[in-house]
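Asks: Following this message is one structure expressed as structure tokens.
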Amino acid sequence: MTRVPVRIKLAYGMGAMAYGVKDNGFSVFLLIFYNQVIGLPANLVGLAVMIALIIDAFIDPVIGHLSDRTDTRWGRRHPWLYASVIPVALSWFLLWHPPALENQTLVLLYLIGSAILVRSAIAMSEVPSIALLPELTRDYRERTDVLRYRFLFGWIGGLALLWLAYAVFLAPTADQPAGLLRREGYDAYALTGAAIMVVAILIAAIGTHKRMARPPAKLPERKPLKAELRAIFGTLRNRAFLTLMAAGVFAYANQGLNFATSTYMQGYVWEFPAWAFSAWPVTLLVGVVFAFLAAPVVSRRFGKKHGAALTAGLAVLVGMAPYVLRLLGIFPENGDPLTIPLFFAFVTAATGLGICPMILTGSMLADVIEDSEMRTGYREEGLFFAGNLFMQKCVTGIGTFAAGSLITMVGFPQNAVPGAVDPAVIDRLILVFVILTALFVTAAITMFLRYPLGEDDHNSRIATLAARENGLAAQSPSGLG
């Protein structure tokens, strides 16, 4: 097995902190910021985010396609990483600083436009960065080991900023007891997030530069625009890729729903005290570390697709248990000393189990590269990983839209005070949330089990491709001596 040095794994992984910051902001705070602070209706915020993400997501395959064909002395990926730094920081800052406008339509359009800019800028970094994985190693199991660093640091980036938001930027004050409604807190949140993103992207680019920034050995053939578009869609029709994307549609839609409703669940369902908001990111981090350690073990023990299906199923059972027990009247009441610690225990376990399928999905996607190369003769890592990011953006938008619609549908009030919301509204919120989560995850498990590639298939493809490359080298002028 070809081992990737730990320093390279660390640099590769740290690049995901930028995506983690962005994802956390969109999933946790964007809905409540534009709804409760700026004053847009929740369903319109969810609709705006979904529209922005779907429109912006069409940019990702173009970036992946172009990065696959970038031919510079710094290789295919690194020019994109360096070029993304300023657009990422600037667009992120603008997202959290909407102009003071009375017209809700104009505010809505600003949200859509700034969200598109953020996600497009992040794609300039994330797509080329994560596409380095198949080039770092072709080993079936080592890919899972490398990719887990990316998930670890992606979550660390998001959770670090989440903790700062709850503990510092959006902490309750004497003037504003509802800390999540502090407008000035979001200013500090935006600036800190931009700084983390810039540092993360530069570490990833510089840390992998010496090993990976070199001219590509072979580039896909350049074609007219119409032929290029046909080639893109032809490549993305790969059966294994489409199966993974179908599983991801439901898995990431569920993640989007869970994160977008998290502030409502913590503040109004569980009525978190101030210390619990600060402790929540720490419990999630424990779950992330569990996934970091468990994913390679699950892969070896059950295989990638069965491991993904198993851990996804366990994650939903554990994660929904407190809500189901709450509806049944079995879970401790709010205010009981056991309520928050017990809830955190379930959340920690569910987080760890839920991240495992995400790691294994990324590793399986890397294996699709050689399957496609066997069919097309070219390696198009950027296009495939862009397709994956396209899916994540679209369905996370669907999850956010579902969350906004859910908040509106159950009759959740504007400017709600924790502890003062009608219990019937809280029960409706929990019930629909549990049903949607169960449906999303059941569909994801079904698709994971349909994934057609395995370790033996992968090793056979690697051997065939190596023989093909050796044959071509022997036929070249240098091979003939």
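FYI, nothing fancy with the structure tokens labels: chains A, B, ... in order, residues from 1 per chain, ligands from 1 as they appear.
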Could you name the residues that touch range 76-83 of chain A at 8 Å or less, counting only C-alpha atoms, but leaving out those on the same chain fewer than 3 positions away, as a VMD selection string?
Replies: chain A and resid 67 to 72 86 to 87 124 to 125 128 to 129 131 to 132 201 to 202 205 209 213 to 216
Asks: Using only C-alpha atoms, which residues sit within 8 Å of range 137-146 of chain A once same-chain residues fewer than 5 positions away are excluded, as a ChimeraX atom specification?
Replies: /A:1-4,9,13,295-296,299-300,359-360,362-363,366-367,455,458-459,462
Asks: Restricted to N, CA and C atoms, what would the selected residues look like written as a PDB file, in the first residue's frame?
Replies:
ATOM      1  N   MET A   1       0.838  -1.185   0.000  1.00  0.00           N
ATOM      2  CA  MET A   1       0.000   0.000   0.000  1.00  0.00           C
ATOM      3  C   MET A   1       0.884   1.250   0.000  1.00  0.00           C
ATOM      4  N   THR A   2       0.525   2.240  -0.847  1.00  0.00           N
ATOM      5  CA  THR A   2       1.260   3.490  -0.915  1.00  0.00           C
ATOM      6  C   THR A   2       0.769   4.427   0.175  1.00  0.00           C
ATOM      7  N   ARG A   3       1.645   4.730   1.141  1.00  0.00           N
ATOM      8  CA  ARG A   3       1.278   5.609   2.244  1.00  0.00           C
ATOM      9  C   ARG A   3       1.518   7.067   1.879  1.00  0.00           C
ATOM     10  N   VAL A   4       0.560   7.916   2.193  1.00  0.00           N
ATOM     11  CA  VAL A   4       0.714   9.355   2.015  1.00  0.00           C
ATOM     12  C   VAL A   4       1.288   9.910   3.311  1.00  0.00           C
ATOM     13  N   LYS A   9      -1.263  14.725   4.481  1.00  0.00           N
ATOM     14  CA  LYS A   9      -2.650  14.505   4.913  1.00  0.00           C
ATOM     15  C   LYS A   9      -3.167  15.702   5.704  1.00  0.00           C
ATOM     16  N   GLY A  13      -6.084  17.994   4.451  1.00  0.00           N
ATOM     17  CA  GLY A  13      -7.268  18.064   5.299  1.00  0.00           C
ATOM     18  C   GLY A  13      -7.627  19.471   5.705  1.00  0.00           C
ATOM     19  N   ALA A 295     -14.068   5.421  10.828  1.00  0.00           N
ATOM     20  CA  ALA A 295     -14.330   5.208   9.395  1.00  0.00           C
ATOM     21  C   ALA A 295     -13.414   4.167   8.756  1.00  0.00           C
ATOM     22  N   PRO A 296     -12.079   4.216   8.978  1.00  0.00           N
ATOM     23  CA  PRO A 296     -11.236   3.167   8.378  1.00  0.00           C
ATOM     24  C   PRO A 296     -11.569   1.768   8.898  1.00  0.00           C
ATOM     25  N   SER A 299     -14.734   0.610   7.218  1.00  0.00           N
ATOM     26  CA  SER A 299     -14.446   0.262   5.831  1.00  0.00           C
ATOM     27  C   SER A 299     -13.813  -1.116   5.727  1.00  0.00           C
ATOM     28  N   ARG A 300     -12.834  -1.379   6.591  1.00  0.00           N
ATOM     29  CA  ARG A 300     -12.162  -2.693   6.549  1.00  0.00           C
ATOM     30  C   ARG A 300     -13.109  -3.819   6.965  1.00  0.00           C
ATOM     31  N   ILE A 359     -17.630  10.201   4.908  1.00  0.00           N
ATOM     32  CA  ILE A 359     -16.235   9.871   4.602  1.00  0.00           C
ATOM     33  C   ILE A 359     -16.168   8.744   3.586  1.00  0.00           C
ATOM     34  N   LEU A 360     -16.954   7.710   3.813  1.00  0.00           N
ATOM     35  CA  LEU A 360     -16.925   6.547   2.923  1.00  0.00           C
ATOM     36  C   LEU A 360     -17.459   6.894   1.539  1.00  0.00           C
ATOM     37  N   GLY A 362     -17.072   9.837   0.026  1.00  0.00           N
ATOM     38  CA  GLY A 362     -15.967  10.506  -0.661  1.00  0.00           C
ATOM     39  C   GLY A 362     -14.915   9.532  -1.143  1.00  0.00           C
ATOM     40  N   SER A 363     -14.629   8.516  -0.323  1.00  0.00           N
ATOM     41  CA  SER A 363     -13.653   7.508  -0.710  1.00  0.00           C
ATOM     42  C   SER A 363     -14.163   6.677  -1.890  1.00  0.00           C
ATOM     43  N   ALA A 366     -13.755   8.615  -5.081  1.00  0.00           N
ATOM     44  CA  ALA A 366     -12.398   8.556  -5.617  1.00  0.00           C
ATOM     45  C   ALA A 366     -12.186   7.282  -6.432  1.00  0.00           C
ATOM     46  N   ASP A 367     -12.827   6.179  -6.022  1.00  0.00           N
ATOM     47  CA  ASP A 367     -12.691   4.911  -6.754  1.00  0.00           C
ATOM     48  C   ASP A 367     -13.400   4.959  -8.106  1.00  0.00           C
ATOM     49  N   GLU A 455     -13.697  -3.543  -3.547  1.00  0.00           N
ATOM     50  CA  GLU A 455     -12.242  -3.516  -3.471  1.00  0.00           C
ATOM     51  C   GLU A 455     -11.600  -4.379  -4.542  1.00  0.00           C
ATOM     52  N   HIS A 458     -11.765  -2.660  -7.839  1.00  0.00           N
ATOM     53  CA  HIS A 458     -10.841  -1.526  -7.881  1.00  0.00           C
ATOM     54  C   HIS A 458      -9.410  -1.998  -8.146  1.00  0.00           C
ATOM     55  N   ASN A 459      -8.975  -3.016  -7.412  1.00  0.00           N
ATOM     56  CA  ASN A 459      -7.610  -3.520  -7.593  1.00  0.00           C
ATOM     57  C   ASN A 459      -7.390  -4.056  -9.004  1.00  0.00           C
ATOM     58  N   ILE A 462      -6.934  -1.031 -11.290  1.00  0.00           N
ATOM     59  CA  ILE A 462      -5.615  -0.424 -11.108  1.00  0.00           C
ATOM     60  C   ILE A 462      -4.557  -1.222 -11.862  1.00  0.00           C
TER      61      ILE A 462
END
Asks: Please measure the separation of CA of Val88 in chain A and CA of Ala121 in chain A, giving the value in Å to one decimal.
Replies: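 A separation of 5.0 Å between them.
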Asks: Interatomic distance between CA of Met265 in chain A and CA of Ala18 in chain A?
Replies: 25.9 Å
Asks: Give me the residues near His97 in chain A as a PyMOL selection string, where near means some atom within 10 Å (using only C-alpha atoms) and where sequence neighbours in that chain fewer than 3 positions away do not count.
Replies: chain A and resi 92-94+100+110-111+114+183+186-187+190
Asks: Just to be explicit: take each residue in the selection above, keep N, CA and C atoms, and write the result as a PDB file, in the first residue's frame.
Replies:
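Listing of out_11.pdb after writing:
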ATOM      1  N   TRP A  92     -17.802  36.219   1.451  1.00  0.00           N
ATOM      2  CA  TRP A  92     -18.299  35.793   2.762  1.00  0.00           C
ATOM      3  C   TRP A  92     -18.660  37.000   3.617  1.00  0.00           C
ATOM      4  N   PHE A  93     -17.813  38.028   3.593  1.00  0.00           N
ATOM      5  CA  PHE A  93     -18.087  39.243   4.366  1.00  0.00           C
ATOM      6  C   PHE A  93     -19.373  39.909   3.880  1.00  0.00           C
ATOM      7  N   LEU A  94     -19.569  39.993   2.577  1.00  0.00           N
ATOM      8  CA  LEU A  94     -20.751  40.639   2.021  1.00  0.00           C
ATOM      9  C   LEU A  94     -22.037  39.899   2.394  1.00  0.00           C
ATOM     10  N   ALA A 100     -29.236  48.136   4.485  1.00  0.00           N
ATOM     11  CA  ALA A 100     -30.485  48.444   5.182  1.00  0.00           C
ATOM     12  C   ALA A 100     -31.530  48.852   4.149  1.00  0.00           C
ATOM     13  N   TYR A 110     -30.649  40.408  -2.757  1.00  0.00           N
ATOM     14  CA  TYR A 110     -29.283  40.538  -2.232  1.00  0.00           C
ATOM     15  C   TYR A 110     -28.825  39.220  -1.627  1.00  0.00           C
ATOM     16  N   LEU A 111     -29.700  38.573  -0.857  1.00  0.00           N
ATOM     17  CA  LEU A 111     -29.359  37.278  -0.257  1.00  0.00           C
ATOM     18  C   LEU A 111     -29.038  36.258  -1.339  1.00  0.00           C
ATOM     19  N   SER A 114     -25.572  37.316  -3.086  1.00  0.00           N
ATOM     20  CA  SER A 114     -24.380  37.135  -2.250  1.00  0.00           C
ATOM     21  C   SER A 114     -24.148  35.657  -1.942  1.00  0.00           C
ATOM     22  N   ARG A 183     -27.080  41.788  16.147  1.00  0.00           N
ATOM     23  CA  ARG A 183     -26.611  42.100  14.795  1.00  0.00           C
ATOM     24  C   ARG A 183     -25.097  42.289  14.781  1.00  0.00           C
ATOM     25  N   TYR A 186     -22.830  39.214  14.484  1.00  0.00           N
ATOM     26  CA  TYR A 186     -22.645  38.629  13.156  1.00  0.00           C
ATOM     27  C   TYR A 186     -21.537  39.333  12.376  1.00  0.00           C
ATOM     28  N   ASP A 187     -21.249  40.595  12.720  1.00  0.00           N
ATOM     29  CA  ASP A 187     -20.112  41.286  12.101  1.00  0.00           C
ATOM     30  C   ASP A 187     -18.802  40.580  12.461  1.00  0.00           C
ATOM     31  N   ALA A 190     -18.545  37.168  10.801  1.00  0.00           N
ATOM     32  CA  ALA A 190     -18.162  37.228   9.388  1.00  0.00           C
ATOM     33  C   ALA A 190     -16.661  37.454   9.226  1.00  0.00           C
TER      34      ALA A 190
END
